[in-house]
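**Student:** I'm passing along model_38.pdb; it holds PDB, C-alpha atoms.
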```pdb
ATOM      1  CA  MET I  12     -90.571  14.832 -75.375
ATOM      2  CA  THR I  13     -88.669  16.557 -72.543
ATOM      3  CA  THR I  14     -87.644  14.471 -69.535
ATOM      4  CA  ILE I  15     -85.788  15.301 -66.336
ATOM      5  CA  SER I  16     -84.625  12.789 -63.747
ATOM      6  CA  PHE I  17     -83.343  13.553 -60.280
ATOM      7  CA  GLU I  18     -82.945  12.010 -56.851
ATOM      8  CA  LEU I  19     -84.108  13.362 -53.523
ATOM      9  CA  ASP I  20     -82.553  12.692 -50.117
ATOM     10  CA  THR I  21     -84.930  11.466 -47.466
ATOM     11  CA  LYS I  22     -84.846  14.832 -45.692
ATOM     12  CA  LEU I  23     -87.505  17.546 -45.730
ATOM     13  CA  ALA I  24     -84.947  20.020 -47.092
ATOM     14  CA  ALA I  25     -85.105  18.028 -50.355
ATOM     15  CA  LEU I  26     -88.470  19.715 -51.017
ATOM     16  CA  ASP I  27     -86.433  22.754 -52.102
ATOM     17  CA  VAL I  28     -84.657  20.601 -54.698
ATOM     18  CA  LEU I  29     -88.026  19.306 -55.910
ATOM     19  CA  CYS I  30     -89.338  22.861 -56.235
ATOM     20  CA  GLU I  31     -86.223  24.028 -58.149
ATOM     21  CA  GLN I  32     -86.283  21.052 -60.525
ATOM     22  CA  LEU I  33     -89.952  21.643 -61.329
ATOM     23  CA  GLU I  34     -89.273  25.349 -61.799
ATOM     24  CA  HIS I  35     -86.654  24.610 -64.491
ATOM     25  CA  PHE I  36     -88.771  21.889 -66.083
ATOM     26  CA  CYS I  37     -91.879  24.041 -66.348
ATOM     27  CA  ALA I  38     -89.887  26.993 -67.712
ATOM     28  CA  ALA I  39     -88.322  24.732 -70.389
ATOM     29  CA  THR I  40     -91.632  23.130 -71.406
ATOM     30  CA  GLY I  41     -93.918  26.141 -71.009
ATOM     31  CA  ILE I  42     -96.128  24.530 -68.373
ATOM     32  CA  PRO I  43     -98.194  27.340 -66.780
ATOM     33  CA  LYS I  44     -97.877  28.419 -63.137
ATOM     34  CA  LYS I  45    -101.201  26.892 -62.117
ATOM     35  CA  GLN I  46    -100.258  23.391 -63.339
ATOM     36  CA  LYS I  47     -96.781  23.769 -61.839
ATOM     37  CA  PHE I  48     -98.353  24.497 -58.451
ATOM     38  CA  GLU I  49    -100.568  21.407 -58.759
ATOM     39  CA  ILE I  50     -97.733  19.066 -59.823
ATOM     40  CA  ASN I  51     -95.490  20.477 -57.083
ATOM     41  CA  LEU I  52     -98.172  19.969 -54.442
ATOM     42  CA  ALA I  53     -98.938  16.384 -55.529
ATOM     43  CA  LEU I  54     -95.225  15.470 -55.473
ATOM     44  CA  ASP I  55     -94.718  17.254 -52.145
ATOM     45  CA  GLU I  56     -97.566  15.229 -50.581
ATOM     46  CA  LEU I  57     -96.208  11.945 -51.952
ATOM     47  CA  PHE I  58     -92.629  12.699 -50.926
ATOM     48  CA  THR I  59     -93.629  13.851 -47.415
ATOM     49  CA  ASN I  60     -95.746  10.716 -47.031
ATOM     50  CA  ILE I  61     -92.843   8.438 -48.029
ATOM     51  CA  LEU I  62     -90.619  10.263 -45.513
ATOM     52  CA  SER I  63     -93.133   9.947 -42.683
ATOM     53  CA  HIS I  64     -94.242   6.362 -43.246
ATOM     54  CA  GLY I  65     -91.996   4.710 -45.814
ATOM     55  CA  PHE I  66     -88.943   3.632 -43.874
ATOM     56  CA  ARG I  67     -88.499   1.482 -40.783
ATOM     57  CA  ASP I  68     -84.777   2.157 -40.463
ATOM     58  CA  ALA I  69     -82.854   5.394 -39.969
ATOM     59  CA  ARG I  70     -80.490   4.791 -42.894
ATOM     60  CA  PRO I  71     -80.437   7.391 -45.662
ATOM     61  CA  HIS I  72     -82.430   6.457 -48.766
ATOM     62  CA  ARG I  73     -82.784   8.049 -52.173
ATOM     63  CA  ILE I  74     -86.075   8.702 -53.909
ATOM     64  CA  GLN I  75     -85.869   8.732 -57.695
ATOM     65  CA  ILE I  76     -88.164  10.975 -59.684
ATOM     66  CA  SER I  77     -88.557  11.459 -63.410
ATOM     67  CA  VAL I  78     -90.856  13.987 -65.034
ATOM     68  CA  SER I  79     -91.697  13.877 -68.768
ATOM     69  CA  HIS I  80     -93.633  16.278 -70.899
ATOM     70  CA  ALA I  81     -95.336  15.131 -74.089
ATOM     71  CA  PRO I  82     -98.047  17.122 -75.882
ATOM     72  CA  ARG I  83    -100.901  17.607 -73.411
ATOM     73  CA  VAL I  84     -99.599  15.210 -70.749
ATOM     74  CA  VAL I  85     -97.044  15.272 -67.940
ATOM     75  CA  THR I  86     -95.942  11.852 -66.678
ATOM     76  CA  ILE I  87     -94.181  11.506 -63.350
ATOM     77  CA  VAL I  88     -92.552   8.329 -62.028
ATOM     78  CA  ILE I  89     -91.568   8.086 -58.352
ATOM     79  CA  ARG I  90     -89.470   5.178 -57.191
ATOM     80  CA  ASP I  91     -88.546   4.460 -53.559
ATOM     81  CA  ASP I  92     -87.199   1.480 -51.640
ATOM     82  CA  GLY I  93     -89.511   1.944 -48.673
ATOM     83  CA  ILE I  94     -92.037  -0.514 -47.277
ATOM     84  CA  PRO I  95     -94.727  -1.551 -49.787
ATOM     85  CA  PHE I  96     -97.337   1.182 -49.978
ATOM     86  CA  ASN I  97    -100.028   1.554 -52.597
ATOM     87  CA  PRO I  98    -101.529   5.058 -52.342
ATOM     88  CA  LEU I  99    -104.376   4.020 -54.646
ATOM     89  CA  LYS I 100    -105.703   1.902 -51.794
ATOM     90  CA  ALA I 101    -105.495   4.659 -49.160
ATOM     91  CA  PRO I 102    -108.946   5.475 -47.768
ATOM     92  CA  ALA I 103    -110.617   8.741 -48.731
ATOM     93  CA  PRO I 104    -110.872  11.271 -45.882
ATOM     94  CA  GLU I 105    -114.174  12.346 -44.351
ATOM     95  CA  LEU I 106    -114.911  15.662 -46.050
ATOM     96  CA  LYS I 107    -118.607  16.138 -45.360
ATOM     97  CA  CYS I 108    -118.465  17.312 -41.755
ATOM     98  CA  PRO I 109    -117.520  20.935 -40.916
ATOM     99  CA  PHE I 110    -113.823  21.779 -41.218
ATOM    100  CA  ASP I 111    -113.209  22.172 -37.487
ATOM    101  CA  ASP I 112    -114.726  18.753 -36.672
ATOM    102  CA  ARG I 113    -112.331  17.023 -39.063
ATOM    103  CA  LYS I 114    -109.717  14.470 -38.274
ATOM    104  CA  VAL I 115    -106.327  15.646 -39.439
ATOM    105  CA  GLY I 116    -105.327  12.677 -41.631
ATOM    106  CA  GLY I 117    -105.893  11.774 -45.269
ATOM    107  CA  LEU I 118    -105.956  15.291 -46.713
ATOM    108  CA  GLY I 119    -102.683  14.846 -48.611
ATOM    109  CA  ILE I 120    -103.847  11.829 -50.576
ATOM    110  CA  HIS I 121    -107.103  13.624 -51.374
ATOM    111  CA  LEU I 122    -105.174  16.593 -52.790
ATOM    112  CA  ILE I 123    -103.052  14.221 -54.927
ATOM    113  CA  ARG I 124    -106.174  12.544 -56.348
ATOM    114  CA  SER I 125    -107.685  15.920 -57.148
ATOM    115  CA  TYR I 126    -104.661  17.316 -58.980
ATOM    116  CA  ILE I 127    -103.543  14.139 -60.790
ATOM    117  CA  ASP I 128    -105.650  12.503 -63.499
ATOM    118  CA  GLU I 129    -104.271   8.939 -63.481
ATOM    119  CA  MET I 130    -102.201   6.907 -61.030
ATOM    120  CA  ASP I 131    -100.670   3.448 -61.388
ATOM    121  CA  TYR I 132     -98.846   1.562 -58.678
ATOM    122  CA  GLU I 133     -96.459  -1.358 -58.988
ATOM    123  CA  ARG I 134     -94.240  -3.126 -56.479
ATOM    124  CA  CYS I 135     -91.077  -3.982 -58.425
ATOM    125  CA  GLY I 136     -88.772  -6.115 -56.275
ATOM    126  CA  ARG I 137     -87.765  -3.891 -53.345
ATOM    127  CA  HIS I 138     -89.235  -0.731 -54.864
ATOM    128  CA  ASN I 139     -92.529   1.102 -54.927
ATOM    129  CA  VAL I 140     -93.042   2.536 -58.404
ATOM    130  CA  LEU I 141     -95.801   5.081 -58.746
ATOM    131  CA  THR I 142     -96.693   6.569 -62.128
ATOM    132  CA  LEU I 143     -98.768   9.734 -62.267
ATOM    133  CA  ARG I 144    -100.271  11.375 -65.309
ATOM    134  CA  LYS I 145    -101.599  14.899 -65.470
ATOM    135  CA  PHE I 146    -103.355  16.008 -68.634
ATOM    136  CA  LEU I 147    -102.774  19.584 -69.692
ATOM    137  CA  LYS I 148    -106.028  21.108 -70.854
ATOM    138  CA  ASN I 149    -106.072  24.276 -72.860
TER     139      ASN I 149
ATOM    140  CA  MET F  20     -89.302  28.427 -49.992
ATOM    141  CA  ASP F  21     -89.531  30.002 -46.549
ATOM    142  CA  LEU F  22     -92.388  31.223 -44.435
ATOM    143  CA  MET F  23     -92.472  34.753 -43.055
ATOM    144  CA  ILE F  24     -94.943  35.622 -40.314
ATOM    145  CA  THR F  25     -96.049  39.041 -39.064
ATOM    146  CA  VAL F  26     -98.351  39.343 -36.073
ATOM    147  CA  ARG F  27    -100.210  42.551 -35.261
ATOM    148  CA  GLN F  28    -102.536  43.078 -32.334
ATOM    149  CA  LYS F  29    -105.557  45.019 -33.624
ATOM    150  CA  ALA F  30    -107.468  45.290 -30.360
ATOM    151  CA  LEU F  31    -107.727  43.523 -27.038
ATOM    152  CA  GLY F  32    -108.022  39.813 -27.894
ATOM    153  CA  ALA F  33    -107.814  40.401 -31.647
ATOM    154  CA  TYR F  34    -104.779  39.503 -33.744
ATOM    155  CA  VAL F  35    -103.929  39.589 -37.431
ATOM    156  CA  THR F  36    -101.311  37.073 -38.533
ATOM    157  CA  SER F  37     -99.952  37.636 -42.038
ATOM    158  CA  LEU F  38     -98.247  34.742 -43.787
ATOM    159  CA  SER F  39     -95.842  35.139 -46.659
ATOM    160  CA  GLY F  40     -94.198  32.361 -48.705
ATOM    161  CA  SER F  41     -94.880  28.690 -48.219
ATOM    162  CA  LEU F  42     -96.798  26.854 -45.483
ATOM    163  CA  ASP F  43     -95.760  23.212 -45.806
ATOM    164  CA  SER F  44     -94.055  20.302 -44.040
ATOM    165  CA  ARG F  45     -90.842  22.306 -43.585
ATOM    166  CA  THR F  46     -92.436  25.471 -42.254
ATOM    167  CA  TYR F  47     -95.637  24.522 -40.408
ATOM    168  CA  SER F  48     -93.817  24.298 -37.041
ATOM    169  CA  ILE F  49     -92.724  27.957 -37.366
ATOM    170  CA  LEU F  50     -96.386  28.961 -37.521
ATOM    171  CA  GLU F  51     -97.316  26.595 -34.703
ATOM    172  CA  GLU F  52     -94.654  28.113 -32.435
ATOM    173  CA  ARG F  53     -95.675  31.644 -33.358
ATOM    174  CA  LEU F  54     -99.361  31.009 -32.664
ATOM    175  CA  ALA F  55     -98.881  29.155 -29.359
ATOM    176  CA  PRO F  56     -98.421  32.271 -27.136
ATOM    177  CA  ILE F  57    -101.340  34.004 -28.900
ATOM    178  CA  LEU F  58    -103.646  31.031 -28.362
ATOM    179  CA  ALA F  59    -102.508  30.918 -24.723
ATOM    180  CA  GLU F  60    -104.097  34.372 -24.288
ATOM    181  CA  SER F  61    -107.494  32.979 -25.345
ATOM    182  CA  PRO F  62    -108.108  35.536 -28.105
ATOM    183  CA  GLN F  63    -111.594  36.263 -29.386
ATOM    184  CA  LEU F  64    -110.438  36.777 -32.937
ATOM    185  CA  LEU F  65    -107.511  35.555 -34.962
ATOM    186  CA  VAL F  66    -107.313  36.694 -38.578
ATOM    187  CA  LEU F  67    -105.053  34.859 -41.027
ATOM    188  CA  ASP F  68    -104.093  37.202 -43.844
ATOM    189  CA  LEU F  69    -102.920  34.956 -46.698
ATOM    190  CA  ALA F  70    -102.322  37.661 -49.331
ATOM    191  CA  GLU F  71     -98.648  36.738 -49.680
ATOM    192  CA  LEU F  72     -99.028  32.995 -49.129
ATOM    193  CA  ASN F  73     -98.077  31.299 -52.398
ATOM    194  CA  TYR F  74     -98.065  27.664 -51.379
ATOM    195  CA  LEU F  75    -100.018  25.460 -48.954
ATOM    196  CA  SER F  76     -99.770  21.703 -48.426
ATOM    197  CA  SER F  77    -101.670  19.312 -46.139
ATOM    198  CA  ALA F  78     -99.048  19.826 -43.400
ATOM    199  CA  GLY F  79     -99.995  23.511 -43.393
ATOM    200  CA  ILE F  80    -103.716  22.729 -43.475
ATOM    201  CA  ARG F  81    -103.265  20.575 -40.370
ATOM    202  CA  VAL F  82    -101.859  23.540 -38.381
ATOM    203  CA  ILE F  83    -104.749  25.732 -39.526
ATOM    204  CA  LEU F  84    -107.205  22.989 -38.562
ATOM    205  CA  LYS F  85    -105.600  22.597 -35.119
ATOM    206  CA  THR F  86    -105.719  26.377 -34.630
ATOM    207  CA  GLN F  87    -109.389  26.466 -35.599
ATOM    208  CA  LYS F  88    -110.159  23.682 -33.112
ATOM    209  CA  ALA F  89    -108.183  25.417 -30.341
ATOM    210  CA  LEU F  90    -110.075  28.673 -30.952
ATOM    211  CA  LYS F  91    -113.439  26.932 -31.079
ATOM    212  CA  ALA F  92    -112.734  25.391 -27.661
ATOM    213  CA  ILE F  93    -112.371  28.890 -26.136
ATOM    214  CA  SER F  94    -115.214  30.424 -28.210
ATOM    215  CA  GLY F  95    -112.756  32.383 -30.335
ATOM    216  CA  ARG F  96    -112.970  32.795 -34.103
ATOM    217  CA  LEU F  97    -110.557  32.154 -36.907
ATOM    218  CA  VAL F  98    -111.186  34.344 -39.945
ATOM    219  CA  PHE F  99    -109.331  34.307 -43.261
ATOM    220  CA  MET F 100    -108.433  37.132 -45.623
ATOM    221  CA  ASN F 101    -106.983  37.521 -49.115
ATOM    222  CA  LEU F 102    -106.776  33.946 -50.380
ATOM    223  CA  GLN F 103    -104.872  33.644 -53.661
ATOM    224  CA  PRO F 104    -106.728  31.546 -56.270
ATOM    225  CA  GLN F 105    -104.496  28.458 -55.909
ATOM    226  CA  ILE F 106    -104.776  28.596 -52.096
ATOM    227  CA  LYS F 107    -108.544  28.995 -52.281
ATOM    228  CA  LYS F 108    -108.686  25.957 -54.549
ATOM    229  CA  VAL F 109    -106.781  23.832 -52.005
ATOM    230  CA  PHE F 110    -109.376  24.740 -49.347
ATOM    231  CA  ASP F 111    -112.129  24.084 -51.869
ATOM    232  CA  ILE F 112    -110.813  20.595 -52.732
ATOM    233  CA  ILE F 113    -110.918  19.547 -49.081
ATOM    234  CA  ASN F 114    -114.375  21.131 -48.791
ATOM    235  CA  ALA F 115    -113.270  23.567 -46.079
ATOM    236  CA  LEU F 116    -114.664  26.754 -47.656
ATOM    237  CA  PRO F 117    -118.270  26.314 -46.415
ATOM    238  CA  SER F 118    -117.137  26.386 -42.789
ATOM    239  CA  MET F 119    -114.501  29.106 -43.200
ATOM    240  CA  LYS F 120    -115.298  32.684 -42.288
ATOM    241  CA  LEU F 121    -113.708  35.154 -44.690
ATOM    242  CA  PHE F 122    -113.299  38.908 -44.480
ATOM    243  CA  LYS F 123    -113.591  40.488 -47.926
ATOM    244  CA  ASP F 124    -111.323  43.394 -47.040
ATOM    245  CA  LEU F 125    -109.882  45.516 -44.212
ATOM    246  CA  GLU F 126    -113.127  47.492 -43.924
ATOM    247  CA  GLU F 127    -115.069  44.348 -43.124
ATOM    248  CA  MET F 128    -112.507  43.378 -40.495
ATOM    249  CA  ASP F 129    -112.608  46.853 -38.913
ATOM    250  CA  ALA F 130    -116.399  46.745 -38.806
ATOM    251  CA  TYR F 131    -116.237  43.352 -37.101
ATOM    252  CA  LEU F 132    -113.689  44.680 -34.580
ATOM    253  CA  ASP F 133    -115.946  47.661 -33.815
ATOM    254  CA  VAL F 134    -118.856  45.367 -33.009
ATOM    255  CA  MET F 135    -116.554  43.194 -30.904
ATOM    256  CA  GLN F 136    -115.241  46.190 -28.944
ATOM    257  CA  LYS F 137    -118.757  47.548 -28.345
ATOM    258  CA  ALA F 138    -119.854  44.182 -26.989
ATOM    259  CA  VAL F 139    -116.890  44.238 -24.574
ATOM    260  CA  THR F 140    -117.610  47.810 -23.435
ATOM    261  CA  GLN F 141    -121.280  47.029 -22.841
ATOM    262  CA  ALA F 142    -120.419  43.908 -20.878
ATOM    263  CA  ASP F 143    -118.154  46.009 -18.649
ATOM    264  CA  ARG F 144    -120.767  48.663 -17.980
ATOM    265  CA  PRO F 145    -122.234  48.440 -14.465
ATOM    266  CA  LEU F 146    -125.968  47.873 -14.205
TER     267      LEU F 146
END
```
Can the structure in the file be given as structure tokens, please?
**Tutor:**
Amino acid sequence: MTTISFELDTKLAALDVLCEQLEHFCAATGIPKKQKFEINLALDELFTNILSHGFRDARPHRIQISVSHAPRVVTIVIRDDGIPFNPLKAPAPELKCPFDDRKVGGLGIHLIRSYIDEMDYERCGRHNVLTLRKFLKN
Amino acid sequence: MDLMITVRQKALGAYVTSLSGSLDSRTYSILEERLAPILAESPQLLVLDLAELNYLSSAGIRVILKTQKALKAISGRLVFMNLQPQIKKVFDIINALPSMKLFKDLEEMDAYLDVMQKAVTQADRPL
């Protein structure tokens, strides 16, 4: 099993770090471009959401991420000390009406659910701990 | 990754905006700022050429959605071109494809522009 762990600053520029880390990880484990795009997008949406809604103070925080690759599954754990937030309970967006009648919210969480196969949420003390699993099909 | 934007005016009230790189929470405001003066001219047609767009997140989708709404309000059209497979899939997941107009290629866009121009000329012709 290959695992990488890294921390992200609570700044949008940290998305570059996320992208670089995933680039290295996918090159080392042979994860194809398509799955890399999907993992990157899911993590981007989660990270951006934590930045926008997770903190009530202006202090810097660190978001801890670990990514592991075992045969046919990638497991990602995201840990932040923001306000309690369980993305599994976020409402699904309205997707039936035409695109230009849509409200602008909720699309990120929908993309995460589409690209990730399993999600578990736990509140551990002062931390949100979200575990994501993506199965790699042949 | 960065976002590069090229805007070309194809005809009166018709613009092609080509995006290259990544449209996400870091870069969406660049597109918003670039489109604002174009939308202020009340264009009839705005084409988004996404041939070189490699990455799109919900922050980018929100700008596209806002642009589509702004154009609809002035009876303009937003048309897409050259979606890469992973970008097309993002639009598919949020069920946007059925209400998106797509040009297959440059020929289709030119044909559309011709029809648009003829309609303008005819409207200008005195009775």
**Student:** Using Å and a single decimal, report how far atom CA of Leu57 of chain I sits from atom CA of Glu34 of chain I.
**Tutor:**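 The value is 18.0 Å.
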**Student:** I need the output of the ChimeraX specification (/I :<12) & /F for this file as an NGL selection string; which residues are they?
**Tutor:** :F and (20-21 or 41-47 or 73-92 or 96-97 or 103-106 or 108-120)
**Student:** To one decimal in Å, tell me the separation between atom CA of Ile76 of chain I and atom CA of Leu147 of chain I.
**Tutor:**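 One can read the atom CA of Ile76 of chain I to atom CA of Leu147 of chain I distance as 19.7 Å.
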**Student:** Would you translate the PyMOL selection byres ((chain F and resi 63) around 12) into the concrete set of residues it matches in this file, as a count of residues only?
**Tutor:** 34
**Student:** Atom CA of Ala81 of chain I and atom CA of Thr13 of chain I are how many Å apart?
**Tutor:**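 Between atom CA of Ala81 of chain I and atom CA of Thr13 of chain I the gap is 7.0 Å.
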